[in-house]
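See structure below.
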Amino acid sequence: MQIAETDRLIIAEVTLHDAPFFLELTNTPHWLKYIGDRNVHSIKAAETFLKNGILKSYQDFGFGFYKLILKDTPDKAIGIVGLVKRKELEHEDIGFGLLPEYEAKGYGYESAKAIMELAQHKFGLDKITAITSPINKNSIKLLEKLGLSFEKKVIPFDDGKELLLFAKTFRK
């Protein structure tokens with residue numbers, strides 16, 4: 001189901017049929033470097049990843065991550081963007097990831113901007129956060145371009161890695 005549209009993209013809900021795409025995405029060099037190995041090394045593991053994560057988030061919170069599809073190539077997902085409610089963070093978190101050949105073309109900004117609009121106007125969120133690795137300069141630049149500001153360093157997960165927390169409060 002389509003949830004938003006931009007000039008170049010369709011932003012749509014993920015389904016189990018997207019498992020092959022998630023297998024590819026979660027094993028790209030930037031995903032592994034900046035997000036980490038999620039042990040998605042087979043279609044079956046990708047289906048489990050989707051069921052326990054994104055699809056569960058739709059059920060539990062009414063939002064989650066969404067696939068990005070180029071309008072002129074509607075049969076191929078090129079990345080994801082969306083919102084996640086993590087128990088480790090006080091506010092909902094925006095995130096994104098693209099297949100390597102679609103990075104640095106403005107798709108991250110275009111899609112994340114649309115998700116921020118939905119976060120504020122459809123989902124009624126008053127604040128959005130984002131976490132990123134201190135070495136992920138492209139992510140930091142994108143978050144700042146979206147209007148998020150650095151708030152503090154955090155160690156949200158058991159792996160002990162320090163991340164940067166960015167945030168934006170929406171005006172009522």
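By convention in this document, the chains of the structure tokens carry letters A, B, ... by their order, each chain's residues are numbered from 1, and ligands are numbered from 1 in the order they are shown.
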Closest atom pairs, residues of segment 34-56 of chain A within 12 Å of segment 132-137 of chain A, only C-alpha atoms, as a Markdown table:
| residue | atom | partner | partner_atom | distance |
| --- | --- | --- | --- | --- |
| A:Tyr34 | CA | A:Ser133 | CA | 6.3 |
| A:Ile35 | CA | A:Ser133 | CA | 8.1 |
| A:Gly36 | CA | A:Ser133 | CA | 10.5 |
Tell me, which residues of chain A carry DSSP strand (DSSP E or B), written as a count of residues only?
48
Residues near Ile78 of chain A, cut-off 8 Å, only C-alpha atoms, skip fewer than 5 positions along chain, as a PyMOL selection string
chain A and resi 67-70+98-99+102
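Distance check against Leu125 of chain A using only C-alpha atoms: of A:Glu13, A:Glu151, A:Glu92, A:Glu144, the minimum falls on A:Glu92.
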Using only C-alpha atoms, which protein or nucleic acid residues come within 12 Å of Lys56 of chain A? Drop anything in the same chain fewer than 3 positions from it, and give the result as a ChimeraX atom specification.
/A:14-16,47-53,59-65,84-85
Could the residues in this selection be saved with N, CA and C atoms as an mmCIF file, in the first residue's frame?
data_model
loop_
_atom_site.group_PDB
_atom_site.id
_atom_site.type_symbol
_atom_site.label_atom_id
_atom_site.label_comp_id
_atom_site.auth_asym_id
_atom_site.auth_seq_id
_atom_site.Cartn_x
_atom_site.Cartn_y
_atom_site.Cartn_z
ATOM 1 N N VAL A 14 6.002 -2.245 3.197
ATOM 2 C CA VAL A 14 6.776 -3.446 2.916
ATOM 3 C C VAL A 14 5.866 -4.658 3.103
ATOM 4 N N THR A 15 6.096 -5.699 2.320
ATOM 5 C CA THR A 15 5.399 -6.975 2.494
ATOM 6 C C THR A 15 6.447 -8.096 2.545
ATOM 7 N N LEU A 16 6.005 -9.287 2.851
ATOM 8 C CA LEU A 16 6.927 -10.426 2.859
ATOM 9 C C LEU A 16 7.534 -10.692 1.476
ATOM 10 N N GLU A 47 12.672 -12.847 5.705
ATOM 11 C CA GLU A 47 11.241 -12.917 6.047
ATOM 12 C C GLU A 47 11.054 -12.784 7.558
ATOM 13 N N THR A 48 11.872 -13.448 8.333
ATOM 14 C CA THR A 48 11.804 -13.355 9.798
ATOM 15 C C THR A 48 12.105 -11.931 10.248
ATOM 16 N N PHE A 49 13.124 -11.315 9.663
ATOM 17 C CA PHE A 49 13.486 -9.929 9.949
ATOM 18 C C PHE A 49 12.287 -9.004 9.703
ATOM 19 N N LEU A 50 11.609 -9.205 8.588
ATOM 20 C CA LEU A 50 10.446 -8.370 8.259
ATOM 21 C C LEU A 50 9.287 -8.622 9.230
ATOM 22 N N LYS A 51 8.979 -9.890 9.490
ATOM 23 C CA LYS A 51 7.862 -10.232 10.389
ATOM 24 C C LYS A 51 8.067 -9.667 11.786
ATOM 25 N N ASN A 52 9.271 -9.812 12.314
ATOM 26 C CA ASN A 52 9.545 -9.408 13.695
ATOM 27 C C ASN A 52 9.862 -7.927 13.853
ATOM 28 N N GLY A 53 10.103 -7.251 12.752
ATOM 29 C CA GLY A 53 10.488 -5.845 12.808
ATOM 30 C C GLY A 53 9.470 -4.941 12.144
ATOM 31 N N GLN A 59 1.734 -3.040 12.853
ATOM 32 C CA GLN A 59 0.663 -3.497 13.744
ATOM 33 C C GLN A 59 0.669 -2.753 15.070
ATOM 34 N N ASP A 60 1.835 -2.649 15.679
ATOM 35 C CA ASP A 60 1.943 -2.084 17.026
ATOM 36 C C ASP A 60 1.800 -0.566 17.076
ATOM 37 N N PHE A 61 2.340 0.133 16.063
ATOM 38 C CA PHE A 61 2.405 1.598 16.130
ATOM 39 C C PHE A 61 1.710 2.317 14.985
ATOM 40 N N GLY A 62 1.351 1.588 13.934
ATOM 41 C CA GLY A 62 0.706 2.225 12.785
ATOM 42 C C GLY A 62 1.693 2.819 11.801
ATOM 43 N N PHE A 63 2.975 2.627 12.039
ATOM 44 C CA PHE A 63 4.010 3.097 11.120
ATOM 45 C C PHE A 63 5.220 2.189 11.246
ATOM 46 N N GLY A 64 6.174 2.402 10.373
ATOM 47 C CA GLY A 64 7.400 1.611 10.382
ATOM 48 C C GLY A 64 8.291 2.068 9.253
ATOM 49 N N PHE A 65 9.079 1.157 8.727
ATOM 50 C CA PHE A 65 9.898 1.469 7.564
ATOM 51 C C PHE A 65 9.106 1.145 6.306
ATOM 52 N N VAL A 84 10.673 4.346 13.485
ATOM 53 C CA VAL A 84 10.680 3.186 14.364
ATOM 54 C C VAL A 84 10.569 3.679 15.805
ATOM 55 N N LYS A 85 9.811 2.966 16.594
ATOM 56 C CA LYS A 85 9.710 3.254 18.027
ATOM 57 C C LYS A 85 10.567 2.218 18.732
#
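Comparing A:Lys44, A:Arg171, A:Lys145, A:Arg86 by their smallest distance to Ile131 of chain A, the closest is A:Arg86 (using only C-alpha atoms).
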Tell me, which residues of segment 68-126 of chain A carry DSSP alpha helix (DSSP H), written as a list in words?
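The residues of segment 68-126 of chain A classed as alpha helix (DSSP H) are Tyr107, Gly108, Tyr109, Glu110, Ser111, Ala112, Lys113, Ala114, Ile115, Met116, Glu117, Leu118, Ala119, Gln120 and His121 of chain A.
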Convert the current residue selection to file output with C-alpha atoms, as a PDB file, in the first residue's frame.
ATOM      1  CA  TYR A 107      16.534  10.051  -2.717  1.00  0.00           C
ATOM      2  CA  GLY A 108      17.348   9.915   0.996  1.00  0.00           C
ATOM      3  CA  TYR A 109      16.457  13.568   1.515  1.00  0.00           C
ATOM      4  CA  GLU A 110      13.389  13.434  -0.730  1.00  0.00           C
ATOM      5  CA  SER A 111      11.940  10.396   1.015  1.00  0.00           C
ATOM      6  CA  ALA A 112      12.909  11.397   4.579  1.00  0.00           C
ATOM      7  CA  LYS A 113      11.327  14.821   4.083  1.00  0.00           C
ATOM      8  CA  ALA A 114       8.052  13.111   3.111  1.00  0.00           C
ATOM      9  CA  ILE A 115       8.264  10.834   6.179  1.00  0.00           C
ATOM     10  CA  MET A 116       8.844  13.843   8.448  1.00  0.00           C
ATOM     11  CA  GLU A 117       5.659  15.415   7.060  1.00  0.00           C
ATOM     12  CA  LEU A 118       3.761  12.194   7.807  1.00  0.00           C
ATOM     13  CA  ALA A 119       5.310  11.986  11.281  1.00  0.00           C
ATOM     14  CA  GLN A 120       3.995  15.418  12.125  1.00  0.00           C
ATOM     15  CA  HIS A 121       0.673  15.560  10.297  1.00  0.00           C
TER      16      HIS A 121
END
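Residue nearest Ala4 of chain A, chosen from A:Leu55, A:Leu163, A:Val81, A:Ala19 and counting only C-alpha atoms: A:Val81.
Residue nearest Lys105 of chain A, chosen from A:Ile128, A:Arg8, A:His17, A:Ser149 and counting only C-alpha atoms: A:Arg8.
Taking only C-alpha atoms into account, Lys168 of chain A lies nearest to A:Asp126 out of the set A:Glu90, A:Asp126, A:Asp75, A:Asp18.
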Taking only C-alpha atoms into account, name the residue in A:Ala130, A:Ile43, A:Pro20, A:Glu5 that is nearest to Phe150 of chain A.
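Nearest candidate to Phe150 of chain A out of A:Ala130, A:Ile43, A:Pro20, A:Glu5: A:Ala130.
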Within 8 Å of Leu25 of chain A, counting only C-alpha atoms, which residues qualify if same-chain residues fewer than 2 places away don't, as JSON, numbers by chain?
{"A": [21, 22, 23, 27, 28, 31, 79, 97, 98, 99]}
